[in-house]
Every structure is written in C-alpha cells, then in structure tokens.
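Student: Quick one: the structure is below, and I'll ask about it shortly.
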Amino acid sequence: MYLVAGLGNPGREHARNRHNAGWLVVDELARRHGGSWRGKFAGQMAEVRVGDERLALLKPETYMNDSGRSVGPAAAFFKLEPAQVLVVHDEGDFDLGRLELKVGGGLAGHNGLRSIARDLGTQDFLRLRIGVGRPERGDPRPLADFVLANFDPHDDEEELIARAADAVETLVAEGVERAQVQINRR
C-alpha cells in the first residue's frame, strides 16, 4: 500500500495554481481509478486500487506549509513506513515538465516538505517532483508569486498532470528503482 499525498493549497483561488500540481495529480488518479473524496486527516482522502496495490490518495487542506499535520496522521493510521509515503509536489527549480522520483533528500527550503519530515520523524519518504518552471526573462514576479499563479495556456497543464499520474502508476507497478530509471531519464 502507498499513501500518495498531493500537496497544494485549499480554496478556489488556488485550484489551478502551479503550486497545486500535487493536488491535480491525485485528482487525476482518483478520476482514473474511480476514487471518491471524503474528509479525513485534515484533508480529503480517496482510496483506489491500481493493479494489485491499494493507494490512499490524500489532499491535505492545511495549506502547503502545514502539510505534515495531515500526512503524518494518515501514514500512522495506515501503519505505513516512510518508504510507502509518496509526496507529490511542484518544483520551481525544475524546467516545466521535468519529473523526478526520489527517495529522501534535503528539503530545499520547501516548508511543506519540512512539515511532513517533522511529522513523519524522517526525511526518508518518496517524492515526485513536478517541474513547473520559473518566471521567464523579463517577468518581474518572484518565484513565490509565479508558483501561486495559474498555469499559462501554453504550459499544457493537462499533459503534465497526466504524465505525473502515469509516473505514480509506474512506481506502483514497477517499484522505486525501476520507476526512477523510467521517470528520471525523461
């Protein structure tokens, strides 16, 4: 079993933000596999099956910076090890469309990851990083404002989110090492 936590911020004004890429991915997985959302663990949860694996999909509604308050109790409830927790989040340091699956690592100033590490008691959880890009030359917005803005029409948000959902399915079907080879080489 995996807990797949898609990070984002609640509220209609954030629904299509780059920063909500994680929420968009778990929404896509729920759509593909017939999951229905219900309130649980300070967020929304849906349970689905992907092949032989059970996935608990989670959208923390605590705001990004306090995601651990949702992810920690969900992982404890399902008695999951950190290696069974996948956090899906936007990555402003990656070019638009780049995906990376990794185990553990630093927190790179990401307050949502810091919160999750604190509540899980370790940084050794899985992460799927979704490249959302940075402001283009001449765009005066700081990165924080850029990621809190909606995807631009030319970004092909639907294709990016579909590829990231495919990556989660690859992890479930192939395991971490084989999935990393397929996902991280693109």
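Identifiers in this document derive from the order of the structure tokens: chains are assigned A, B, ..., residues are numbered from 1 separately in each chain, and ligands are numbered from 1 in order of occurrence.
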Using only C-alpha atoms, tabulate the residues of range 8-121 of chain A lying at most 6 Å from any atom of range 133-152 of chain A, each with its closest atom pair and that distance in Å to one decimal, by chain and increasing residue number, as a tab-separated table.

Tutor:
residue	atom	partner	partner_atom	distance
A:Arg16	CA	A:Asn150	CA	5.2
A:Asn17	CA	A:Asn150	CA	4.0
A:Arg18	CA	A:Val147	CA	4.9
A:His19	CA	A:Val147	CA	5.0
A:Gly92	CA	A:Gly133	CA	5.2
A:Phe94	CA	A:Gly133	CA	5.6
A:Asp95	CA	A:Gly133	CA	4.4
A:Leu96	CA	A:Gly133	CA	4.3

Student: Which neighbours of Ala5 in chain A fall inside 7 Å, counting only C-alpha atoms, when residues of the same chain fewer than 6 positions from it are skipped, and could you give them as a ChimeraX atom specification?

Tutor: /A:57-59,71,86-88

Student: Selected residues, C-alpha atoms, written as a PDB file, in the first residue's frame, please.

Tutor:
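Full text of part_11.pdb as output:
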ATOM      1  CA  LEU A  57      -4.828   9.439  -2.076  1.00  0.00           C
ATOM      2  CA  LEU A  58      -4.614  12.486   0.167  1.00  0.00           C
ATOM      3  CA  LYS A  59      -5.097  16.208  -0.433  1.00  0.00           C
ATOM      4  CA  VAL A  71       0.203  13.405   6.111  1.00  0.00           C
ATOM      5  CA  LEU A  86       4.831   9.396  -1.750  1.00  0.00           C
ATOM      6  CA  VAL A  87       4.625  13.188  -1.639  1.00  0.00           C
ATOM      7  CA  VAL A  88       3.765  14.766  -4.996  1.00  0.00           C
TER       8      VAL A  88
END

Student: As a PyMOL selection string, please: every residue in range 62-129 of chain A that DSSP puts in helix (DSSP H, G or I).

Tutor: chain A and resi 64-66+68-77+82-84+111-120

Student: Keeping only N, CA and C atoms, write the selected residues as a PDB file, in the first residue's frame.

Tutor:
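For reference, again19.pdb as written:
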ATOM      1  N   MET A  64      -0.160  24.424   2.267  1.00  0.00           N
ATOM      2  CA  MET A  64       1.087  23.749   1.920  1.00  0.00           C
ATOM      3  C   MET A  64       2.061  23.660   3.099  1.00  0.00           C
ATOM      4  N   ASN A  65       2.277  24.769   3.785  1.00  0.00           N
ATOM      5  CA  ASN A  65       3.327  24.823   4.804  1.00  0.00           C
ATOM      6  C   ASN A  65       3.051  23.991   6.041  1.00  0.00           C
ATOM      7  N   ASP A  66       1.844  23.471   6.188  1.00  0.00           N
ATOM      8  CA  ASP A  66       1.489  22.670   7.358  1.00  0.00           C
ATOM      9  C   ASP A  66       1.007  21.277   6.934  1.00  0.00           C
ATOM     10  N   GLY A  68       2.282  18.367   6.941  1.00  0.00           N
ATOM     11  CA  GLY A  68       2.580  17.246   7.826  1.00  0.00           C
ATOM     12  C   GLY A  68       1.456  16.945   8.804  1.00  0.00           C
ATOM     13  N   ARG A  69       0.690  17.963   9.167  1.00  0.00           N
ATOM     14  CA  ARG A  69      -0.428  17.783  10.099  1.00  0.00           C
ATOM     15  C   ARG A  69      -1.503  16.868   9.504  1.00  0.00           C
ATOM     16  N   SER A  70      -1.511  16.718   8.201  1.00  0.00           N
ATOM     17  CA  SER A  70      -2.429  15.802   7.516  1.00  0.00           C
ATOM     18  C   SER A  70      -1.725  14.488   7.170  1.00  0.00           C
ATOM     19  N   VAL A  71      -0.522  14.591   6.589  1.00  0.00           N
ATOM     20  CA  VAL A  71       0.203  13.405   6.111  1.00  0.00           C
ATOM     21  C   VAL A  71       0.635  12.503   7.261  1.00  0.00           C
ATOM     22  N   GLY A  72       1.140  13.070   8.338  1.00  0.00           N
ATOM     23  CA  GLY A  72       1.608  12.269   9.471  1.00  0.00           C
ATOM     24  C   GLY A  72       0.527  11.369  10.047  1.00  0.00           C
ATOM     25  N   PRO A  73      -0.638  11.906  10.416  1.00  0.00           N
ATOM     26  CA  PRO A  73      -1.703  11.056  10.950  1.00  0.00           C
ATOM     27  C   PRO A  73      -2.220  10.024   9.942  1.00  0.00           C
ATOM     28  N   ALA A  74      -2.263  10.373   8.659  1.00  0.00           N
ATOM     29  CA  ALA A  74      -2.716   9.402   7.648  1.00  0.00           C
ATOM     30  C   ALA A  74      -1.740   8.241   7.558  1.00  0.00           C
ATOM     31  N   ALA A  75      -0.438   8.532   7.537  1.00  0.00           N
ATOM     32  CA  ALA A  75       0.572   7.469   7.484  1.00  0.00           C
ATOM     33  C   ALA A  75       0.493   6.597   8.738  1.00  0.00           C
ATOM     34  N   ALA A  76       0.292   7.204   9.890  1.00  0.00           N
ATOM     35  CA  ALA A  76       0.184   6.440  11.137  1.00  0.00           C
ATOM     36  C   ALA A  76      -1.063   5.558  11.132  1.00  0.00           C
ATOM     37  N   PHE A  77      -2.178   6.095  10.660  1.00  0.00           N
ATOM     38  CA  PHE A  77      -3.423   5.334  10.612  1.00  0.00           C
ATOM     39  C   PHE A  77      -3.267   4.061   9.785  1.00  0.00           C
ATOM     40  N   PRO A  82       7.945   5.177   6.005  1.00  0.00           N
ATOM     41  CA  PRO A  82       8.190   6.325   5.133  1.00  0.00           C
ATOM     42  C   PRO A  82       8.361   5.937   3.651  1.00  0.00           C
ATOM     43  N   ALA A  83       8.907   4.766   3.382  1.00  0.00           N
ATOM     44  CA  ALA A  83       9.090   4.317   2.000  1.00  0.00           C
ATOM     45  C   ALA A  83       7.764   4.026   1.300  1.00  0.00           C
ATOM     46  N   GLN A  84       6.671   4.041   2.043  1.00  0.00           N
ATOM     47  CA  GLN A  84       5.340   3.831   1.465  1.00  0.00           C
ATOM     48  C   GLN A  84       4.563   5.135   1.341  1.00  0.00           C
ATOM     49  N   ASN A 111       8.730  24.427   2.691  1.00  0.00           N
ATOM     50  CA  ASN A 111       8.114  24.339   4.018  1.00  0.00           C
ATOM     51  C   ASN A 111       7.129  23.186   4.143  1.00  0.00           C
ATOM     52  N   GLY A 112       6.465  22.812   3.061  1.00  0.00           N
ATOM     53  CA  GLY A 112       5.568  21.659   3.094  1.00  0.00           C
ATOM     54  C   GLY A 112       6.332  20.375   3.361  1.00  0.00           C
ATOM     55  N   LEU A 113       7.472  20.210   2.694  1.00  0.00           N
ATOM     56  CA  LEU A 113       8.300  19.019   2.932  1.00  0.00           C
ATOM     57  C   LEU A 113       8.862  19.027   4.351  1.00  0.00           C
ATOM     58  N   ARG A 114       9.257  20.198   4.820  1.00  0.00           N
ATOM     59  CA  ARG A 114       9.787  20.313   6.187  1.00  0.00           C
ATOM     60  C   ARG A 114       8.723  19.878   7.199  1.00  0.00           C
ATOM     61  N   SER A 115       7.499  20.300   6.997  1.00  0.00           N
ATOM     62  CA  SER A 115       6.392  19.944   7.876  1.00  0.00           C
ATOM     63  C   SER A 115       6.154  18.424   7.856  1.00  0.00           C
ATOM     64  N   ILE A 116       6.197  17.832   6.684  1.00  0.00           N
ATOM     65  CA  ILE A 116       5.984  16.380   6.565  1.00  0.00           C
ATOM     66  C   ILE A 116       7.123  15.624   7.238  1.00  0.00           C
ATOM     67  N   ALA A 117       8.364  16.048   7.002  1.00  0.00           N
ATOM     68  CA  ALA A 117       9.515  15.395   7.637  1.00  0.00           C
ATOM     69  C   ALA A 117       9.400  15.460   9.158  1.00  0.00           C
ATOM     70  N   ARG A 118       8.959  16.590   9.657  1.00  0.00           N
ATOM     71  CA  ARG A 118       8.800  16.746  11.108  1.00  0.00           C
ATOM     72  C   ARG A 118       7.747  15.758  11.632  1.00  0.00           C
ATOM     73  N   ASP A 119       6.611  15.666  10.932  1.00  0.00           N
ATOM     74  CA  ASP A 119       5.524  14.820  11.438  1.00  0.00           C
ATOM     75  C   ASP A 119       5.762  13.336  11.193  1.00  0.00           C
ATOM     76  N   LEU A 120       6.551  12.989  10.174  1.00  0.00           N
ATOM     77  CA  LEU A 120       6.914  11.578   9.954  1.00  0.00           C
ATOM     78  C   LEU A 120       8.138  11.181  10.772  1.00  0.00           C
TER      79      LEU A 120
END

Student: With only C-alpha atoms as the atoms that count, which of A:Gly121, A:Glu169, A:His89, A:Gly97 lies nearest to His33 in chain A?

Tutor: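 The shortest atom-to-atom distance to His33 in chain A comes from A:Glu169.
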
Student: From the set A:Leu126, A:Glu28, A:Thr62, A:Arg12, which residue has the shortest atom-to-atom contact distance to Ala46 in chain A, counting only C-alpha atoms?

Tutor: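 Ranking A:Leu126, A:Glu28, A:Thr62, A:Arg12 by distance to Ala46 in chain A, first place goes to A:Glu28.
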